[in-house]
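Data from my_file-v9.cif: mmCIF, C-alpha atoms
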data_coords
#
loop_
_atom_site.label_atom_id
_atom_site.label_comp_id
_atom_site.auth_asym_id
_atom_site.auth_seq_id
_atom_site.Cartn_x
_atom_site.Cartn_y
_atom_site.Cartn_z
CA MET F 1 165.78 1.62 -50.64
CA ILE F 2 164.46 1.17 -47.10
CA PHE F 3 160.71 0.79 -46.64
CA ASP F 4 158.93 1.43 -43.39
CA LEU F 5 156.31 -1.28 -42.96
CA ASP F 6 153.24 -0.17 -41.07
CA GLY F 7 151.21 2.52 -42.78
CA THR F 8 153.77 2.75 -45.58
CA LEU F 9 154.14 -0.62 -47.28
CA ILE F 10 151.04 -2.20 -45.76
CA ASP F 11 147.82 -0.86 -44.29
CA SER F 12 148.44 -2.43 -40.88
CA GLU F 13 147.52 0.45 -38.60
CA PRO F 14 143.83 -0.62 -38.33
CA ASN F 15 145.00 -4.03 -37.13
CA TYR F 16 147.42 -2.51 -34.63
CA TYR F 17 144.71 -0.20 -33.35
CA GLN F 18 142.30 -3.09 -32.88
CA ALA F 19 145.01 -5.11 -31.11
CA SER F 20 145.72 -2.18 -28.77
CA ARG F 21 142.02 -1.59 -28.12
CA ARG F 22 141.37 -5.26 -27.32
CA LEU F 23 144.44 -5.43 -25.12
CA LEU F 24 143.45 -2.39 -23.08
CA ALA F 25 139.89 -3.69 -22.74
CA ARG F 26 141.31 -6.67 -20.86
CA TYR F 27 142.38 -4.20 -18.17
CA GLY F 28 139.14 -2.24 -18.08
CA VAL F 29 140.04 0.52 -20.55
CA THR F 30 137.10 0.55 -22.94
CA ASP F 31 137.29 4.05 -24.45
CA PHE F 32 140.62 3.88 -26.29
CA SER F 33 140.02 5.85 -29.49
CA TRP F 34 141.76 6.01 -32.85
CA GLU F 35 142.83 9.57 -32.02
CA GLN F 36 144.53 8.33 -28.85
CA TYR F 37 146.22 5.55 -30.77
CA ALA F 38 147.38 7.75 -33.66
CA ARG F 39 150.00 9.56 -31.58
CA PHE F 40 151.99 6.31 -31.41
CA ILE F 41 152.18 5.75 -35.16
CA GLY F 42 155.85 5.37 -36.07
CA ILE F 43 156.90 4.66 -32.49
CA ALA F 44 158.34 1.28 -31.45
CA THR F 45 155.74 -1.02 -29.87
CA HIS F 46 157.56 -1.43 -26.56
CA GLU F 47 157.84 2.33 -26.17
CA SER F 48 154.16 2.96 -26.90
CA LEU F 49 153.05 0.21 -24.53
CA GLU F 50 155.27 1.51 -21.74
CA THR F 51 153.60 4.91 -22.17
CA LEU F 52 150.12 3.35 -22.06
CA ARG F 53 151.07 1.28 -19.02
CA ARG F 54 152.01 4.44 -17.13
CA GLU F 55 149.10 6.56 -18.35
CA TYR F 56 146.41 4.01 -17.54
CA ARG F 57 148.26 2.53 -14.54
CA LEU F 58 147.83 -0.92 -15.98
CA PRO F 59 148.38 -3.78 -13.51
CA ALA F 60 150.66 -5.65 -15.89
CA SER F 61 154.34 -5.80 -16.74
CA LEU F 62 155.64 -4.48 -20.04
CA GLU F 63 156.50 -8.05 -21.02
CA GLU F 64 152.92 -9.16 -20.41
CA LEU F 65 151.54 -6.31 -22.48
CA LEU F 66 153.96 -6.98 -25.32
CA THR F 67 153.01 -10.65 -25.39
CA GLY F 68 149.30 -9.86 -25.33
CA LYS F 69 149.40 -7.30 -28.11
CA HIS F 70 151.72 -9.47 -30.18
CA GLU F 71 149.27 -12.40 -30.06
CA LEU F 72 146.28 -10.21 -30.85
CA TYR F 73 148.00 -8.52 -33.78
CA LEU F 74 149.32 -11.72 -35.35
CA ALA F 75 145.81 -13.19 -35.32
CA LEU F 76 144.42 -10.09 -37.03
CA ALA F 77 147.28 -9.85 -39.55
CA ALA F 78 146.94 -13.49 -40.57
CA ARG F 79 143.30 -12.90 -41.48
CA SER F 80 143.84 -9.67 -43.40
CA THR F 81 146.93 -7.70 -44.42
CA ARG F 82 146.48 -5.23 -47.25
CA VAL F 83 149.49 -4.13 -49.27
CA PHE F 84 149.21 -0.68 -50.80
CA PRO F 85 149.19 -1.37 -54.58
CA GLN F 86 151.56 1.43 -55.56
CA MET F 87 154.01 0.35 -52.87
CA ARG F 88 154.02 -3.18 -54.23
CA ARG F 89 154.65 -1.79 -57.70
CA LEU F 90 157.58 0.31 -56.47
CA ALA F 91 159.17 -2.64 -54.65
CA GLN F 92 158.80 -4.80 -57.75
CA ARG F 93 160.35 -2.16 -60.02
CA LEU F 94 163.29 -1.63 -57.66
CA GLY F 95 163.82 -5.36 -57.34
CA ALA F 96 163.82 -5.77 -61.11
CA ALA F 97 166.45 -3.01 -61.33
CA ASP F 98 168.66 -4.85 -58.81
CA CYS F 99 168.33 -2.03 -56.30
CA PRO F 100 168.86 -3.40 -52.76
CA ILE F 101 165.64 -3.05 -50.76
CA ALA F 102 164.75 -3.77 -47.16
CA VAL F 103 162.16 -3.18 -44.45
CA ALA F 104 163.00 -1.23 -41.29
CA SER F 105 160.15 -1.24 -38.79
CA GLY F 106 159.20 -0.53 -35.21
CA SER F 107 157.23 -3.79 -35.22
CA SER F 108 158.48 -7.08 -33.83
CA LYS F 109 160.41 -9.54 -35.99
CA ASP F 110 157.47 -11.96 -35.91
CA ALA F 111 155.00 -9.25 -36.90
CA ILE F 112 157.18 -8.18 -39.81
CA ARG F 113 157.46 -11.75 -41.08
CA ALA F 114 153.73 -12.42 -40.63
CA SER F 115 152.74 -9.22 -42.44
CA LEU F 116 155.11 -9.74 -45.37
CA SER F 117 153.99 -13.35 -45.69
CA ALA F 118 150.28 -12.50 -45.58
CA GLY F 119 150.84 -9.76 -48.15
CA GLY F 120 152.89 -11.96 -50.48
CA LEU F 121 155.99 -9.81 -50.08
CA GLU F 122 158.48 -12.16 -48.42
CA SER F 123 160.52 -12.84 -51.56
CA LEU F 124 160.88 -9.11 -52.28
CA PHE F 125 162.31 -8.27 -48.86
CA PRO F 126 164.98 -10.77 -47.75
CA VAL F 127 166.43 -8.11 -45.43
CA THR F 128 164.28 -6.86 -42.56
CA VAL F 129 165.23 -5.05 -39.35
CA SER F 130 163.01 -4.66 -36.30
CA ALA F 131 163.35 -2.06 -33.56
CA GLU F 132 163.73 -5.09 -31.29
CA GLU F 133 167.17 -5.62 -32.80
CA VAL F 134 168.60 -2.17 -32.05
CA GLU F 135 169.07 -0.09 -28.92
CA ARG F 136 166.64 2.71 -29.76
CA GLY F 137 163.53 2.89 -31.92
CA LYS F 138 162.47 5.73 -34.22
CA PRO F 139 162.96 8.72 -34.16
CA ALA F 140 166.50 7.54 -33.35
CA PRO F 141 168.39 6.47 -36.49
CA ASP F 142 169.45 3.06 -35.14
CA VAL F 143 167.09 0.86 -37.17
CA PHE F 144 168.00 2.63 -40.42
CA LEU F 145 171.73 2.48 -39.79
CA GLU F 146 171.52 -1.23 -39.00
CA THR F 147 169.56 -1.81 -42.20
CA ALA F 148 172.20 0.00 -44.26
CA ARG F 149 174.88 -2.12 -42.61
CA ARG F 150 173.07 -5.35 -43.52
CA LEU F 151 172.61 -4.13 -47.08
CA SER F 152 176.32 -3.22 -47.24
CA VAL F 153 175.37 0.27 -48.42
CA GLU F 154 176.59 3.61 -47.09
CA PRO F 155 173.78 5.54 -45.30
CA ALA F 156 174.18 8.47 -47.67
CA ARG F 157 173.27 6.18 -50.57
CA CYS F 158 170.01 5.08 -48.94
CA VAL F 159 166.50 6.40 -49.45
CA VAL F 160 163.87 5.84 -46.75
CA LEU F 161 160.15 5.64 -47.47
CA GLU F 162 158.16 6.75 -44.41
CA ASP F 163 154.64 7.69 -43.34
CA SER F 164 155.30 9.14 -39.87
CA PRO F 165 157.14 12.16 -38.45
CA PRO F 166 159.30 9.99 -36.13
CA GLY F 167 160.33 7.88 -39.11
CA ALA F 168 161.22 10.91 -41.20
CA THR F 169 163.27 12.27 -38.30
CA GLY F 170 165.08 8.95 -37.93
CA ALA F 171 165.94 8.91 -41.63
CA HIS F 172 167.29 12.46 -41.45
CA ARG F 173 169.40 11.63 -38.39
CA ALA F 174 170.78 8.60 -40.23
CA GLY F 175 171.96 10.87 -43.06
CA MET F 176 169.54 9.31 -45.54
CA ARG F 177 167.23 10.88 -48.09
CA CYS F 178 163.53 10.43 -47.42
CA ILE F 179 160.29 10.11 -49.33
CA ALA F 180 157.35 11.00 -47.10
CA VAL F 181 153.87 9.58 -47.60
CA PRO F 182 152.01 10.92 -44.53
CA SER F 183 149.44 8.53 -43.10
CA LEU F 184 147.61 11.08 -40.96
CA PRO F 185 145.68 14.15 -42.15
CA GLY F 186 147.30 17.40 -41.13
CA THR F 187 150.84 16.05 -40.74
CA PRO F 188 152.45 16.97 -44.11
CA GLN F 189 153.34 20.45 -42.80
CA THR F 190 154.98 19.25 -39.59
CA ALA F 191 158.62 20.17 -39.06
CA GLU F 192 159.74 16.55 -39.25
CA PHE F 193 158.51 16.18 -42.82
CA THR F 194 160.33 19.30 -44.00
CA THR F 195 163.51 17.16 -44.11
CA ALA F 196 161.99 14.88 -46.76
CA GLY F 197 163.32 15.32 -50.29
CA LEU F 198 160.04 14.19 -51.86
CA ILE F 199 156.64 14.34 -50.20
CA PHE F 200 153.19 13.20 -51.27
CA PRO F 201 151.02 15.48 -49.07
CA GLU F 202 147.80 13.51 -49.60
CA GLY F 203 149.42 10.25 -48.53
CA GLN F 204 148.67 6.92 -50.17
CA SER F 205 145.90 8.36 -52.32
CA GLU F 206 148.48 10.54 -54.07
CA PHE F 207 151.54 8.28 -53.99
CA ASP F 208 152.76 7.20 -57.42
CA ALA F 209 155.31 4.41 -57.73
CA ASP F 210 156.71 5.59 -61.06
CA THR F 211 157.29 9.14 -59.79
CA ALA F 212 159.06 7.79 -56.71
CA TYR F 213 161.11 5.37 -58.80
CA GLU F 214 162.41 8.09 -61.11
CA TRP F 215 163.25 10.31 -58.13
CA ILE F 216 165.16 7.52 -56.38
CA LEU F 217 167.24 6.43 -59.35
CA GLY F 218 167.73 10.03 -60.45
CA ASP F 219 169.39 10.77 -57.07
CA GLY F 220 166.59 13.07 -56.08
#
How does the structure come out when it is put into structure tokens?
Amino acid sequence: MIFDLDGTLIDSEPNYYQASRRLLARYGVTDFSWEQYARFIGIATHESLETLRREYRLPASLEELLTGKHELYLALAARSTRVFPQMRRLAQRLGAADCPIAVASGSSKDAIRASLSAGGLESLFPVTVSAEEVERGKPAPDVFLETARRLSVEPARCVVLEDSPPGATGAHRAGMRCIAVPSLPGTPQTAEFTTAGLIFPEGQSEFDADTAYEWILGDG
């Protein structure tokens, strides 16, 4: 079982938005809205920042922007990282059943570790893979395929839990089954989510760990 991190396992998107907003404010961009941020959900951080750098013609290198956002996010995450209760329950049930589980995320390695630590999840997820460690981020399948390799499991035997269309696309391209828990209103009907074998259209408010558990171990 491969969990996406942000917006799926933990409610980190508000922290990432605030980090992005504060970063852009340093360069005079003071009107960055949640709606503008939301289009990057599920996209690797370096890719989203490169897009923002071009769009706003920011006088900074990609490396400088990555460092700035990384520092801002880690400070926010250390103060508050909320784990979705039903996601914690699912991870605990899978762990108790000796089902290999891992995190595959577009976030940095440090951000993944900080978030799991703040949420008390480190012991449940000894295997984590960041988009930093592969050639291409989601919607490419690279991060999922690398996670399956580290788990020593064939991709076809993996299930991915995702909240974003790019993540669902990446899982499909990796040849993995997918459970979709959309994080944004209006996205459940998007073409990317039609590849999911199980979908909770209302997102986290509807997600049920026991239903997901039975679907996973029942081979869908």
| request: With a distance cut-off of 12 Å and only C-alpha atoms, select the neighbouring residues of range 153-156 of chain F, excluding the residue or stretch itself and same-chain residues fewer than 5 positions from it, and output the selection as a list in words. | output: Met1, Ile2, Cys99, Pro100, Ile101, Ala102, Pro141, Asp142, Val143, Phe144, Leu145, Glu146, Thr147, Ala148, Gly170, Ala171, His172, Arg173, Ala174, Gly175, Met176, Arg177, Cys178 and Asp219 of chain F
What residues come out when you apply the PyMOL selection byres ((chain F and resi 84) around 10) to this file, written as an mmCIF file with C-alpha atoms, in the coordinates of the input?
data_model
loop_
_atom_site.group_PDB
_atom_site.id
_atom_site.type_symbol
_atom_site.label_atom_id
_atom_site.label_comp_id
_atom_site.auth_asym_id
_atom_site.auth_seq_id
_atom_site.Cartn_x
_atom_site.Cartn_y
_atom_site.Cartn_z
ATOM 1 C CA GLY F 7 151.210 2.520 -42.780
ATOM 2 C CA THR F 8 153.770 2.750 -45.580
ATOM 3 C CA LEU F 9 154.140 -0.620 -47.280
ATOM 4 C CA ILE F 10 151.040 -2.200 -45.760
ATOM 5 C CA ASP F 11 147.820 -0.860 -44.290
ATOM 6 C CA THR F 81 146.930 -7.700 -44.420
ATOM 7 C CA ARG F 82 146.480 -5.230 -47.250
ATOM 8 C CA VAL F 83 149.490 -4.130 -49.270
ATOM 9 C CA PRO F 85 149.190 -1.370 -54.580
ATOM 10 C CA GLN F 86 151.560 1.430 -55.560
ATOM 11 C CA MET F 87 154.010 0.350 -52.870
ATOM 12 C CA ARG F 88 154.020 -3.180 -54.230
ATOM 13 C CA ARG F 89 154.650 -1.790 -57.700
ATOM 14 C CA GLY F 119 150.840 -9.760 -48.150
ATOM 15 C CA GLN F 204 148.670 6.920 -50.170
ATOM 16 C CA SER F 205 145.900 8.360 -52.320
ATOM 17 C CA PHE F 207 151.540 8.280 -53.990
#
| Restricting the calculation to only C-alpha atoms, which member of F:Glu122, F:Gly95, F:Arg53, F:Asp4 is positioned closest to Val181 in chain F? | F:Asp4
| task | With a distance cut-off of 10 Å and all atoms listed in the file, select the neighbouring residues of Tyr16 in chain F, excluding the residue or stretch itself and same-chain residues fewer than 3 positions from it, and output the selection as a list in words. | result | Asp6, Asp11, Ser12, Glu13, Ala19, Ser20, Arg21, Arg22, Tyr37, Ile41, Thr45, Lys69, His70, Leu72, Tyr73, Leu74, Leu76, Ala77 and Ser107 of chain F
Serialized selection, C-alpha atoms, as a tab-separated table (two decimals), keeping the file's coordinate frame:
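Contents of out_39.tsv, freshly written:
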chain	number	residue	atom	x	y	z
F	6	ASP	CA	153.24	-0.17	-41.07
F	11	ASP	CA	147.82	-0.86	-44.29
F	12	SER	CA	148.44	-2.43	-40.88
F	13	GLU	CA	147.52	0.45	-38.60
F	19	ALA	CA	145.01	-5.11	-31.11
F	20	SER	CA	145.72	-2.18	-28.77
F	21	ARG	CA	142.02	-1.59	-28.12
F	22	ARG	CA	141.37	-5.26	-27.32
F	37	TYR	CA	146.22	5.55	-30.77
F	41	ILE	CA	152.18	5.75	-35.16
F	45	THR	CA	155.74	-1.02	-29.87
F	69	LYS	CA	149.40	-7.30	-28.11
F	70	HIS	CA	151.72	-9.47	-30.18
F	72	LEU	CA	146.28	-10.21	-30.85
F	73	TYR	CA	148.00	-8.52	-33.78
F	74	LEU	CA	149.32	-11.72	-35.35
F	76	LEU	CA	144.42	-10.09	-37.03
F	77	ALA	CA	147.28	-9.85	-39.55
F	107	SER	CA	157.23	-3.79	-35.22
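Put simply, CA of Ala209 in chain F is 4.9 Å away from CA of Leu90 in chain F.
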| request: For CA of Gly203 in chain F and CA of Ile179 in chain F, quote the distance in Å rounded to one decimal. | output: 10.9 Å
| task | Find the distance between CA of Ile216 in chain F and CA of Lys109 in chain F and write it in Å to one decimal. | result | 27.0 Å
| request: Using only C-alpha atoms, find the one residue out of F:Asn15, F:Ile43, F:Leu94, F:Gln189 that sits nearest to Glu214 in chain F. | output: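 Among F:Asn15, F:Ile43, F:Leu94, F:Gln189, it is F:Leu94 that comes nearest to Glu214 in chain F.
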| request: Run the PyMOL selection byres ((chain F and resi 139) around 6) on the file and write out the hits as a ChimeraX atom specification. | output: /F:138,140,166-167,169-170
| query | Counting all atoms listed in the file, which residues come within 12 Å of (148.0, -4.5, -15.6), with the point read in the file's coordinates, and could you list them as a VMD selection string? | reply | chain F and resid 23 to 29 49 to 50 52 to 66 68
| message | Show me the residues close to (162.2, 8.6, -49.1) - anything with an atom within 7 Å, counting only C-alpha atoms - and format the list as a ChimeraX atom specification. | response | /F:159-162,177-180,196-198
| message | Could you check the closest approach to Phe3 in chain F for each of F:Glu202, F:Asp208, F:Asp163, F:Glu47 and tell me which residue wins, using all atoms listed in the file? | response |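 Nearest candidate to Phe3 in chain F out of F:Glu202, F:Asp208, F:Asp163, F:Glu47: F:Asp163.
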| said: Considering all atoms listed in the file, can you say which of F:Ile199, F:Leu184, F:Val129, F:Cys158 comes closest to Ala104 in chain F? | reply: F:Val129
